[in-house]
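Everything on this sheet refers to the single structure shown next.
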Amino acid sequence: MSDISFVRTEMLPQQEPPASSVGVIGWMRENLFSGWFNSVLSVVSGLFIFYVVGSILGWAWSPTWSATSLNECREIGAALGHEGHGACWGVIRDRWVQLIFGFYPPESYWRPILAFILLAVALAPVLFADKVSGKLIYLTAAYPFIMPFLLWGGTIWGPLAAAAGFAIGYFVYKAVDQAAGSLAAVIAAVVAALIWWLFLAGPVSGGLAGILPIGVEPVDSRNFGGMMLSITIGVVAIACSLPIGIVLALGRQSDLLIVKALCVGFIEFIRGVPLITLLFVASTLLNIFMPPGTNFDIIMRVIIMATLFSSAYMAEVIRGGLAALPKGQYEGADSLGLNYWQSQRLIIMPQALKISIPGIVSTFIGLFKDTTLVSVIGLLDPLGLSNAIRADADWNGVVWELYGFIALMFFVFCFSMSRYSMYLERKLRTDHR
Amino acid sequence: MTTLTDPPKESFRLSMLIYDTRYRSMTIQVVAMIGFMILIGWLVSNTAQNLQDLGKEPSFRFLGEPAGYDINQRLVDYNNQNTHLRAAVVGLLNTLLVAVMGCVTATVLGVIIGVLRLSKNWLIAKLMTIYVETFRNVPVLLWIVFSMAILIETLPAPKAFRGENPEATMKLFDTVAFTNRGVYVPEPLFSRSLGNVPLFGDSSFRFDISLDLIAFLVALGLGLFVRHKIKTRADRIQEATGDRPTTWYLSLGAVAVPVLAVLVALGFHLGYPHLKGFNFTGGTHMRNSLIALWLALSLYTAAFIAENVRAGILAISKGQTEAAAALGLRSNRIMSLVILPQALRVIIPPLISQYLNLTKNSSLAIAVGYMDLTGTLMGITLNQTGRELETVLLGMMIYLAISLGISVVMNWYNNRVKLVER
Amino acid sequence: MKKSVFLGALTVAGLAAGAAAAGTLDDVKARGKLNCGVTTGLVGFAAPDANGHWEGFDVGVCRAVAAAVLGDPEAVEFVPTTGKTRFTALASGEVDLLARNTTWTFSRDVDLKFEFVGVNYYDGQGFMVPKELGVSSAKELDGATVCIQTGTTTELNLADFFRANNISYEPVPIETNAEAQQQFLAGACDVYTTDASGLAATRATFENPGDYVVLPEIISKEPLGPLVRHGDAEWGDIARWSLNALIAAEELGITSANIEELSKGTNNPEINRILGTEGTLGEMLGLDKDWAKRAILAGGNYGELFEKNIGEATPIGLARGLNAQWTDGGLLYTPPFR
């Protein structure tokens with residue numbers, strides 16, 4: 001018998017995968033046309049994208065950048081043979097500075113720009129703690145005084161006097177702490193700082209300004225407008241709401257019945273009413289609630305209401321952070337013999353705040369978007385300005401270009417922030433597991 | 001020799017209020033309470049002083065005066081001789097209408113989009129991502145004015161329907177008219193109507209309940225009840241014998257027969273919109289302010305809900321999908337029968353806050369002239385009467401009540417579906 | 001951590017907050033700026049240009065008062081107000097003068113405790129329709145969809161008109177003129193109703209103004225004028241007579257071109273009294289003798305302001321009509337400067 005073997009002894013070379021499962025075609029089969037339903041979906045959405053992008057491009061492709069009025073745009077459009085279907089970009093060229101800075105004096109544009117660049121620098125130690133030097137934290141501490149000085153201008157002594165209040169409080173605390181114990185020291189420090197702010201800071205800074213007039217030209221907050229106004233309201237309100245939010249969150253978690261009831265009542269009230277009604281309060285009622293003769297300007301009042309608004313949301317975010325901390329952290333702090341405030345300050349808050357940063361960023365995004373509501377009460381934020389611009393005889397009738405530009409500005413800001421927040425969430429997750 | 005002595009009887013000293021933890025919490029609470037009272041008292045006295053200076057006296061009497069203005073969309077009878085209170089009620093109903101419509105559509109859209117974002121189809125998944133990011137990152141007010149502008153600019157005006165060769169025609173077999181004033185759809189009419197029953201007498205809260213509607217609902221309820229009975233019986237037979245009797249025609253009949261009977265008895269027919277004078281008449285008119293607001297709120301909120309849904313689905317462990325697949329379920333049934341019901345528990349709490357947000361955002365209606373509570377009570381009424389304090393506070397209280405109502409209902413539902421922890 | 005932003009801002013605001021109890025004139029002088037409430041934007045009446053400089057007919061009144069009081073027509077802070085916020089802004093002292101095409105009505109004057117210092121534009125509510133509708137009278141508007149600008153007396157007038165004529169309509173309330181215009185042009189409403197001046201101003205900016213007509217009916221009287229708070233008669237007088245000075249200047253032929261020459265002295269005693277070369281009118285108001293001269297120089301006399309901002313040479317193209325001097329058959333008639 002001959003030795004016939006049907007067993008192959010050597011390996012065959014690996015075959016190329018079929019053309020239909022690799023490369024572009026394979027990818028498309030896998031991801032777009034797997035099954036009739038997916039194919040239909042892909043085709044429909046492809047057509048949809050084509051239609052939308054096509055019509056937007058067809059509209060946007062319009063050489064009207066240099067037009068100085070809507071009529072000129074219409075003439076350019078008519079000359080090109082598409083009447084009434086082209087964008088009129090002249091309005092953006094004419095007004096983009098106004099949409100960003102409002103009525104801020106043009107020679108001082110460097111101030112808001114610097115303020116917001118410094119904001120990014122000051123936030124860096126908090127947001128990118130691992131990438132920048134820790135020394136920057138001093139700038140972060142000083143920033144709350146630099147920003148009002150840069151934006152509102154005036155004498156440098158005002159913010160310095162406000163900062164001095166903290167220094168005074170600190171020294172009083174140190175002094176009394178030796179003599180009479182920590183609780184009395186805290187009370188004494190708070191009282192001293194309050195006395196300084198309420199009665200002494202004004203005259204002292206006024207006097208110093210008289211002697212050494214260092215400062216920049218003051219700018220009324222009425223001149224704030226456009227994107228700058230939105231950012232200012234958002235940033236100031238969020239920054240101020242952080243401490244209030246922490247207090248509210250602690251109050252809501254505490255065992256003290258009355259304190260808890262007050263905090264819950266405040267938080268639920270603020271979260272239960274629309275922001276627009278709070279803005280109505282700012283525009284029509286806040287002056288009635290204040291002592292006769294007080295007169296905050298409207299932007300200050302809006303900032304106050306926005307602060308109250310966001311502090312309720314901030315409290316909930318921080319409460320979430322507190323709840324997310326493992327119970328062992330609280331017990332560990334207790335077992336070290338730390339009292340309530342010590343354990344909050346040294347153990348709980350640093351961790352809880354860190355966990356809450358993504359939440360704080362999304363609260364900020366929400367508030368920042370909601371600043372457009374101030375247009376309803378007559379402030380000239382980007383949306384309000386778009387109405388004012390359309391009231392100019394030159395641009396009466398422009399719609400899409402302005403809305404599109406404003407939407408784009410908001411999108412750029414909010415999208416980048418939400419990306420950052422996601423990045424942070426990922427980073428924090430790996431830290432803890 | 002030592003004698004046991006009782007520990008010294010502590011006498012109460014004032015400093016114990018601060019240093020003794022037993023009393024300190026009391027002290028803090030009392031201080032907080034006093035501080036709160038002082039704050040309230042300060043605000044009230046300021047307000048009283050200011051109002052006196054302005055010569056205004058806080059009073060809600062203006063609510064009983066004739067409003068004098070007209071409201072286009074009214075779910076209950078209203079004319080310009082009715083009171084401001086009635087106008088506020090009309091506005092409140094409009095708020096509730098758009099909030100309910102918005103919540104329903106936002107949920108449906110959000111679930112679909114959230115599921116599609118996880119689709120294996122690359123194009124669809126990317127498209128949905130773009131949708132979510134675009135809508136989430138642009139202010140809702142901008143979306144509202146945007147959708148209004150789109151409705152106005154792209155849909156034909158009623159005059160385009162006129163003439164021998166109209167530029168626009170009615171859609172769906174000449175029953176629905178899409179115009180830039182809104183959508184006109186056929187309305188249900190009853191030729192042998194039972195009439196209306198007024199509730200709450202002659203007060204500002206008076207509204208009419210249509211007896212036809214009640215008859216219809218009763219018939220429907222009856223049908224559903226019978227259907228339920230049929231189903232339980234079928235279940236019982238199935239459990240006893242293993243065979244499930246075919247009941248779909250019985251079920252259908254049980255629901256359809258009483259409903260149809262009532263409709264025929266009442267002389268049900270549809271009223272179609274038709275062009276007359278300046279506008280379409282007949283049919284139900286959904287104004288474009290309502291549609292724009294509804295659309296913008298639903299699309300905006302849907303983007304957030306989609307994210308919640310996606311997070312909820314991702315939170316369900318992969319083993320569930322695999323186990324379901326091992327049972328031979330198809331992927332869409334896995335989603336609807338296994339994943340979504342479990343994801344629901346994760347989804348509902350954030351969903352509640354999205355509903356609340358949507359309801360509160362509906363107050364932006366004034367941007368498109370939808371006459372909701374903000375537009376009537378805190379809008380025209382405020383302008384006409386100059387009663388800022390009363391109108392704004394009343395409006396806030398109403399919104400607060402709505403929000404709390406939604407929270408209560410949704411939390412009740414959440415507790416019902418929540419996994420009972422062992 | 002950042003509480004101090006708030007506190008710092010509060011301190012700044014606290015410093016800025018003056019006691020409103022003192023006379024408005026003293027406040028304005030101490031502040032060095034006049035706070036003037038205007039609309040958030042209405043073509044021809046008040047709108048900021050690309051540099052943020054406010055211009056318009058109402059703005060002209062603000063500038064005239066600022067010039068009279070402070071000597072500088074630019075010393076004005078313009079506070080944009082909406083229909084809802086304007087009265088609160090004035091009542092709370094946030095603005096010293098409200099020049100926001102506000103209709104002078106009994107209840108605003110008496111119940112809301114304001115003082116109208118005069119009328120700078122006699123207006124009335126009218127209707128605008130597309131020509132192709134073939135409507136020639138507002139009474140033919142049965143069943144029409146009407147766009148209304150809210151926040152004014154417009155809604156009430158409209159409701160009254162349609163009720164009186166026993167015809168029905170569908171109101172579409174709209175917040176701003178720009179949006180109303182958009183809806184009207186797209187055919188989302190058949191009729192646009194607001195003050196006739198606003199209608200003309202809006203129509204002027206249309207692509208084809210000829211396709212639209214303003215109906216002859218004027219359904220209401222809308223005397224628009226600047227107003228101040230009740231209870232500060234000195235300040236009210238200043239605002240009133242600054243406005244009157246503008247009107248009288250046109251009547252007497254004082255323009256921004258010839259004012260320098262006239263202020264050297266003329267043989268018309270009234271001109272001399274206005275321009276301060278005779279008498280002590282300025283001192284009586286608590287101002288100096290050149291107050292009216294500065295007010296007129298700020299933007300010209302009433303006629304000049306009118307022509308520059310809303311007159312026939314502008315795109316808005318309003319005719320003087322009721323707003324002509326009484327000598328030309330209009331209603332402008334100032335009390336004598338004596």
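A note on labels: chains of the structure tokens are A, B, ... as shown, every chain counts residues from 1, and ligands are counted from 1 in their shown order.
Surrounding stretch 279-283 of chain B within 6 Å are Tyr184, Val185, Pro186, Glu187, Gly271, Tyr272, Pro273, His274 and Leu275 of chain B, with only C-alpha atoms counted and residues fewer than 4 positions along the same chain left out.
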Which residues of chain C have any atom within 6 Å of an atom in chain B when counting only C-alpha atoms, and what is the closest pair of atoms for each, with the distance in Å to one decimal? Order the rows by chain and rising number and write it as JSON lines.
```
{"residue": "C:Lys84", "atom": "CA", "partner": "B:Asn383", "partner_atom": "CA", "distance": 5.7}
{"residue": "C:Ala144", "atom": "CA", "partner": "B:Phe278", "partner_atom": "CA", "distance": 5.3}
{"residue": "C:Gly151", "atom": "CA", "partner": "B:Asn383", "partner_atom": "CA", "distance": 5.9}
{"residue": "C:Glu155", "atom": "CA", "partner": "B:Tyr69", "partner_atom": "CA", "distance": 5.6}
{"residue": "C:Leu156", "atom": "CA", "partner": "B:Tyr69", "partner_atom": "CA", "distance": 5.3}
{"residue": "C:Ala159", "atom": "CA", "partner": "B:Tyr69", "partner_atom": "CA", "distance": 5.8}
{"residue": "C:Glu170", "atom": "CA", "partner": "B:Asn72", "partner_atom": "CA", "distance": 5.8}
{"residue": "C:Pro171", "atom": "CA", "partner": "B:Asn72", "partner_atom": "CA", "distance": 5.5}
{"residue": "C:Pro173", "atom": "CA", "partner": "B:Gly369", "partner_atom": "CA", "distance": 5.0}
{"residue": "C:Ile174", "atom": "CA", "partner": "B:Gly369", "partner_atom": "CA", "distance": 5.1}
{"residue": "C:Gly187", "atom": "CA", "partner": "B:Ala157", "partner_atom": "CA", "distance": 5.2}
{"residue": "C:Ala188", "atom": "CA", "partner": "B:Arg181", "partner_atom": "CA", "distance": 5.0}
```
Open item on the list: Which residues are close to C:Gly231, i.e. within 9 Å by only C-alpha atoms, leaving aside same-chain residues fewer than 5 positions away? Reply as a PyMOL selection string.
Closed with: chain C and resi 113-115+236
For the interface of chain B with chain A (cut-off 7 Å, counting only C-alpha atoms), please tabulate each contacting residue of chain B alongside its nearest pair of atoms and their separation in Å to one decimal, rows sorted by chain and increasing number, as a tab-separated table.
```
residue	atom	partner	partner_atom	distance
B:Ser25	CA	A:Leu256	CA	6.5
B:Gln29	CA	A:Ile258	CA	5.8
B:Ala32	CA	A:Val259	CA	6.5
B:Met33	CA	A:Ile258	CA	7.0
B:Leu43	CA	A:Phe289	CA	5.3
B:Asn46	CA	A:Pro291	CA	5.1
B:Thr47	CA	A:Phe289	CA	4.9
B:Asn50	CA	A:Ile288	CA	5.7
B:Lys120	CA	A:Asn31	CA	6.1
B:Asn121	CA	A:Asn31	CA	4.8
B:Trp122	CA	A:Asn31	CA	5.2
B:Leu123	CA	A:Ser42	CA	6.3
B:Ile124	CA	A:Ser42	CA	6.7
B:Asn137	CA	A:Phe411	CA	5.1
B:Val138	CA	A:Phe411	CA	5.4
B:Pro139	CA	A:Lys369	CA	4.7
B:Leu141	CA	A:Thr372	CA	7.0
B:Lys360	CA	A:Pro274	CA	4.7
B:Asn361	CA	A:Pro274	CA	6.7
B:Ser363	CA	A:Pro274	CA	6.9
B:Glu388	CA	A:Thr284	CA	6.4
B:Leu389	CA	A:Leu285	CA	6.4
B:Val392	CA	A:Thr277	CA	6.8
B:Met396	CA	A:Val273	CA	5.9
B:Tyr399	CA	A:Val273	CA	5.5
B:Leu400	CA	A:Gly272	CA	4.8
B:Ser403	CA	A:Gly272	CA	5.3
B:Leu404	CA	A:Gly272	CA	6.9
```
Give me, as a tab-separated table, the closest atom pair and its distance (Å, one decimal) for every residue of chain A within a cut-off of 7 Å of chain C, counting only C-alpha atoms, rows sorted by chain and rising number.
```
residue	atom	partner	partner_atom	distance
A:Asp94	CA	C:Ala50	CA	6.7
A:Arg95	CA	C:Ala50	CA	5.8
A:Gln98	CA	C:Ala50	CA	6.7
A:Phe103	CA	C:Gly52	CA	5.1
A:Pro144	CA	C:Val5	CA	4.9
A:Phe145	CA	C:Val5	CA	6.3
A:Pro148	CA	C:Ala9	CA	6.9
A:Pro159	CA	C:Gly8	CA	6.0
A:Ala162	CA	C:Gly8	CA	5.5
A:Ala239	CA	C:Lys2	CA	5.6
A:Cys240	CA	C:Lys3	CA	5.1
A:Pro243	CA	C:Lys3	CA	6.6
A:Ser283	CA	C:Thr85	CA	6.4
A:Thr284	CA	C:Thr88	CA	5.5
A:Asn287	CA	C:Ser92	CA	6.4
A:Gly293	CA	C:Ala19	CA	4.9
A:Thr294	CA	C:Ala17	CA	5.8
A:Asn295	CA	C:Ala17	CA	5.3
A:Phe296	CA	C:Ala13	CA	6.1
A:Asp297	CA	C:Glu94	CA	6.9
A:Ile377	CA	C:Thr82	CA	6.3
A:Gly378	CA	C:Thr81	CA	5.2
A:Leu379	CA	C:Pro80	CA	6.8
A:Asn387	CA	C:Ala178	CA	6.7
A:Ala388	CA	C:Gly41	CA	4.6
A:Arg390	CA	C:Ala178	CA	6.2
A:Ala391	CA	C:Val43	CA	4.8
A:Asp392	CA	C:Val43	CA	5.7
A:Ala393	CA	C:Val43	CA	5.9
A:Asn396	CA	C:Thr205	CA	6.5
A:Gly397	CA	C:Gln182	CA	6.8
```
Using C-alpha atoms, can you write the selected residues to a file as a PDB file, in the first residue's frame?
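out_27.pdb, written as the output of this step:
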```
ATOM      1  CA  ASP A  94     -19.063  96.039  12.364  1.00  0.00           C
ATOM      2  CA  ARG A  95     -20.180  94.864  15.789  1.00  0.00           C
ATOM      3  CA  GLN A  98     -19.291  95.330  20.849  1.00  0.00           C
ATOM      4  CA  PHE A 103     -19.576  99.509  25.901  1.00  0.00           C
ATOM      5  CA  PRO A 144     -10.410  88.084  43.953  1.00  0.00           C
ATOM      6  CA  PHE A 145      -8.948  91.505  44.675  1.00  0.00           C
ATOM      7  CA  PRO A 148     -12.613  93.871  40.531  1.00  0.00           C
ATOM      8  CA  PRO A 159      -9.480  96.310  46.806  1.00  0.00           C
ATOM      9  CA  ALA A 162     -10.958  94.926  51.315  1.00  0.00           C
ATOM     10  CA  ALA A 239     -16.822  82.466  42.999  1.00  0.00           C
ATOM     11  CA  CYS A 240     -19.063  84.117  45.590  1.00  0.00           C
ATOM     12  CA  PRO A 243     -18.316  79.730  50.210  1.00  0.00           C
ATOM     13  CA  SER A 283     -34.629  94.380  38.471  1.00  0.00           C
ATOM     14  CA  THR A 284     -37.776  95.423  40.300  1.00  0.00           C
ATOM     15  CA  ASN A 287     -34.022  98.009  45.802  1.00  0.00           C
ATOM     16  CA  GLY A 293     -31.465 105.287  49.821  1.00  0.00           C
ATOM     17  CA  THR A 294     -29.365 102.256  48.931  1.00  0.00           C
ATOM     18  CA  ASN A 295     -28.928 102.044  45.242  1.00  0.00           C
ATOM     19  CA  PHE A 296     -26.977  99.189  43.760  1.00  0.00           C
ATOM     20  CA  ASP A 297     -26.690  99.422  40.050  1.00  0.00           C
ATOM     21  CA  ILE A 377     -34.607  92.568  32.016  1.00  0.00           C
ATOM     22  CA  GLY A 378     -32.882  94.943  29.628  1.00  0.00           C
ATOM     23  CA  LEU A 379     -29.207  94.284  30.203  1.00  0.00           C
ATOM     24  CA  ASN A 387     -31.692  93.496  19.783  1.00  0.00           C
ATOM     25  CA  ALA A 388     -29.962  96.832  20.228  1.00  0.00           C
ATOM     26  CA  ARG A 390     -31.091  95.372  15.171  1.00  0.00           C
ATOM     27  CA  ALA A 391     -32.540  98.672  16.360  1.00  0.00           C
ATOM     28  CA  ASP A 392     -29.809 100.458  14.436  1.00  0.00           C
ATOM     29  CA  ALA A 393     -31.268 101.599  11.129  1.00  0.00           C
ATOM     30  CA  ASN A 396     -32.580  96.441  11.107  1.00  0.00           C
ATOM     31  CA  GLY A 397     -33.685  93.025   9.870  1.00  0.00           C
TER      32      GLY A 397
END
```
Task: Polymer residues at most 10 Å from A:Val121, only C-alpha atoms, same-chain spacing of 3 or more positions, as a ChimeraX atom specification - done: /A:115-118,124-127,132,136-137,139-140,143
TODO: Enumerate the residues of stretch 91-245 of chain B with a DSSP assignment of helix (DSSP H, G or I), computed from the backbone, and present them as number ranges by chain.
DONE: B: 91-117, 122-136, 140-154, 158-161, 171-174, 211-241
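Taking only C-alpha atoms, the non-local environment of A:Leu308 within 10 Å (same-chain residues fewer than 3 positions away omitted) comprises Ala237, Ile238, Cys240, Ser241, Ile244, Gly245, Phe266, Ile267, Ile270, Leu278, Val302, Ile303, Ile304, Met305, Ser311, Ala312, Tyr313 and Met314 of chain A.
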TODO: Name all residues at most 7 Å from B:Tyr300 (count only C-alpha atoms; drop same-chain ones fewer than 3 positions away) and give them as a PyMOL selection string.
DONE: chain B and resi 135-136+140+296-297+303
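The space between atom CA of C:Asp288 and atom CA of C:Gly276 spans 8.5 Å.
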Open item on the list: Can you measure atom CA of B:Leu189 to atom CA of B:Leu220 for me? One decimal in Å is fine.
Closed with: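 Taking atom CA of B:Leu189 and atom CA of B:Leu220, their separation equals 17.7 Å.
Excluding stretch 103-111 of chain B and any residue on its chain fewer than 3 positions from it, the residues at most 7 Å away by only C-alpha atoms are Ala99, Val100, Gly114, Val115, Ser298, Leu299, Thr301, Ala302, Ala303, Ile305, Ala306, Val309 and Tyr355 of chain B.
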Just to be explicit: take each residue in the selection above, keep N, CA and C atoms, and write the result as a CSV table (one decimal), in the first residue's frame.
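File written: result27.csv
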```
chain,number,residue,atom,x,y,z
B,99,ALA,N,-45.2,72.7,29.7
B,99,ALA,CA,-44.3,71.9,30.5
B,99,ALA,C,-44.6,70.4,30.3
B,100,VAL,N,-45.9,70.0,30.3
B,100,VAL,CA,-46.3,68.6,30.2
B,100,VAL,C,-45.9,68.1,28.8
B,114,GLY,N,-30.4,58.8,23.5
B,114,GLY,CA,-29.4,58.2,24.4
B,114,GLY,C,-29.0,56.8,23.9
B,115,VAL,N,-30.1,56.1,23.4
B,115,VAL,CA,-29.8,54.7,23.0
B,115,VAL,C,-29.0,54.7,21.7
B,298,SER,N,-38.0,70.9,24.4
B,298,SER,CA,-37.9,69.4,24.3
B,298,SER,C,-36.5,69.1,23.7
B,299,LEU,N,-36.1,69.7,22.7
B,299,LEU,CA,-34.8,69.4,22.1
B,299,LEU,C,-33.6,69.6,23.0
B,301,THR,N,-33.8,69.9,26.4
B,301,THR,CA,-33.8,69.0,27.6
B,301,THR,C,-33.5,67.6,27.1
B,302,ALA,N,-33.9,67.2,25.9
B,302,ALA,CA,-33.6,65.9,25.4
B,302,ALA,C,-32.1,65.6,25.4
B,303,ALA,N,-31.3,66.6,25.1
B,303,ALA,CA,-29.9,66.4,25.0
B,303,ALA,C,-29.4,66.0,26.4
B,305,ILE,N,-31.3,64.7,28.8
B,305,ILE,CA,-31.9,63.4,29.2
B,305,ILE,C,-31.1,62.2,28.5
B,306,ALA,N,-30.7,62.5,27.2
B,306,ALA,CA,-30.0,61.5,26.5
B,306,ALA,C,-28.7,61.1,27.2
B,309,VAL,N,-29.6,59.0,30.1
B,309,VAL,CA,-30.0,57.6,29.6
B,309,VAL,C,-28.7,56.9,29.3
B,355,TYR,N,-36.9,67.4,34.4
B,355,TYR,CA,-38.3,67.9,34.3
B,355,TYR,C,-38.5,69.2,35.0
```
